[in-house]
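Data first, discussion second: the structure below is written as structure tokens.
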Amino acid sequence: MANVAVVNCPENAVLVKFKVKEGTVVSNGTVLCEYRLQGTNKYCKMKSNLSGTVKELLAKEGDELQHGYHIIV
């Protein structure tokens, strides 16, 4: 059985754009998505800290995400 990793939102934010899709092979440092911190105009990039294949996107672009919300499996 393969290991499964879940990517969580690091801060309260709005998901702006996914940079990967289901089936994308990622490695350490791959940009997964861009998000905007809630209440600001600061945009950030979320990068992978693991290697593997994206199985499922759990959020939609434009969603308001709370800290710890699962975004990608």
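Within each chain, counting starts at residue 1; across the structure tokens, chains are named A, B, ... in the order shown, with ligands numbered 1 upward in that order.
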
Might you pull out every residue within 7 Å of A:Gln66, with only C-alpha atoms counted and same-chain residues fewer than 2 positions away left off, and present them as a ChimeraX atom specification? /A:9,11-13,64,68-69

Selection near A:Val31, 8 Å with only C-alpha atoms, sequence-local residues under 3 positions removed, as a list in words: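 Near neighbours after the sequence-gap exclusion: Lys19, Val20, Glu34, Lys45, Met46, Lys47 and Ser48 of chain A.
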
Please produce an output containing C-alpha atoms for each residue in the selection, written as a CSV table (one decimal), in the first residue's frame.
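Written out: again-v4.csv:
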chain,number,residue,atom,x,y,z
A,19,LYS,CA,-0.6,24.9,-10.4
A,20,VAL,CA,-1.1,21.1,-10.5
A,34,GLU,CA,-1.1,30.2,-5.2
A,45,LYS,CA,3.0,30.1,-3.3
A,46,MET,CA,2.6,26.7,-1.6
A,47,LYS,CA,5.3,24.3,-2.5
A,48,SER,CA,5.5,20.5,-2.1

Report as a short mmCIF file (atom, residue, chain, number, x, y, z; two decimals) with N, CA and C atoms, in the first residue's frame all protein, DNA and RNA residues lying within 9 Å of stretch 25-28 of chain A, evaluated on only C-alpha atoms, omitting residues in the same chain fewer than 2 positions from it.
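As written to disk, out.cif reads:
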data_model
loop_
_atom_site.label_atom_id
_atom_site.label_comp_id
_atom_site.auth_asym_id
_atom_site.auth_seq_id
_atom_site.Cartn_x
_atom_site.Cartn_y
_atom_site.Cartn_z
N VAL A 20 -1.14 22.52 -10.17
CA VAL A 20 -1.10 21.09 -10.48
C VAL A 20 -2.53 20.61 -10.70
N GLU A 22 -4.96 16.66 -10.87
CA GLU A 22 -4.93 15.26 -10.49
C GLU A 22 -4.08 14.49 -11.50
N GLY A 23 -3.19 13.66 -10.98
CA GLY A 23 -2.29 12.88 -11.83
C GLY A 23 -0.92 13.51 -12.03
N THR A 30 8.10 21.65 -5.89
CA THR A 30 7.11 21.94 -6.92
C THR A 30 6.04 22.86 -6.36
N VAL A 31 5.71 23.93 -7.09
CA VAL A 31 4.64 24.84 -6.66
C VAL A 31 3.30 24.14 -6.89
N LEU A 32 2.52 24.01 -5.81
CA LEU A 32 1.23 23.32 -5.87
C LEU A 32 0.09 24.28 -6.16
N LYS A 47 4.46 25.21 -1.79
CA LYS A 47 5.33 24.25 -2.46
C LYS A 47 5.27 22.90 -1.78
N SER A 48 5.50 21.87 -2.57
CA SER A 48 5.53 20.51 -2.05
C SER A 48 6.82 20.28 -1.27
N ASN A 49 6.71 19.53 -0.19
CA ASN A 49 7.92 19.12 0.53
C ASN A 49 8.14 17.61 0.40
N LEU A 50 7.37 16.98 -0.50
CA LEU A 50 7.47 15.55 -0.77
C LEU A 50 7.43 15.28 -2.26
N SER A 51 7.78 14.08 -2.64
CA SER A 51 7.63 13.64 -4.03
C SER A 51 6.47 12.66 -4.11
N GLY A 52 5.76 12.69 -5.23
CA GLY A 52 4.65 11.76 -5.40
C GLY A 52 3.72 12.22 -6.50
N THR A 53 2.52 11.65 -6.52
CA THR A 53 1.51 11.95 -7.53
C THR A 53 0.28 12.54 -6.86
N VAL A 54 -0.22 13.63 -7.42
CA VAL A 54 -1.43 14.26 -6.89
C VAL A 54 -2.61 13.32 -7.20
#

Just list as a ChimeraX atom specification whatever in chain A DSSP marks as strand (DSSP E or B). /A:7-8,13-18,25-26,31-37,43-47,52-53,57,64-65,70-72

So that I have them on file, write out the residues from the current selection with C-alpha atoms, as a compact mmCIF listing (two decimals), in the first residue's frame.
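To be explicit, this is the file written out as result02.txt:
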# COMPACT_ATOMS: atom_id res chain seq x y z
CA VAL A 7 -1.44 19.05 2.04
CA ASN A 8 -2.99 21.46 4.53
CA ALA A 13 -6.36 32.22 2.91
CA VAL A 14 -8.22 32.34 -0.39
CA LEU A 15 -7.13 29.72 -2.93
CA VAL A 16 -6.25 31.68 -6.07
CA LYS A 17 -4.98 29.06 -8.53
CA PHE A 18 -3.87 25.45 -8.58
CA VAL A 25 3.85 14.02 -10.56
CA VAL A 26 5.50 16.42 -8.11
CA VAL A 31 4.64 24.84 -6.66
CA LEU A 32 1.23 23.32 -5.87
CA CYS A 33 -0.95 26.44 -5.72
CA GLU A 34 -1.08 30.17 -5.15
CA TYR A 35 -3.13 31.67 -2.35
CA ARG A 36 -3.91 35.11 -0.94
CA LEU A 37 -3.81 35.71 2.78
CA TYR A 43 -0.01 36.42 -2.44
CA CYS A 44 2.00 33.30 -1.57
CA LYS A 45 2.98 30.05 -3.26
CA MET A 46 2.56 26.69 -1.58
CA LYS A 47 5.33 24.25 -2.46
CA GLY A 52 4.65 11.76 -5.40
CA THR A 53 1.51 11.95 -7.53
CA LEU A 57 -7.78 18.28 -5.32
CA GLU A 64 -11.86 30.61 1.49
CA LEU A 65 -9.69 28.20 3.46
CA HIS A 70 -7.02 19.82 3.53
CA ILE A 71 -6.28 21.02 -0.01
CA ILE A 72 -4.53 18.20 -1.88

A:Gly29, A:Lys21, A:Pro10, A:Gly39 ranked by distance to A:Glu61, top pick (using only C-alpha atoms): A:Lys21
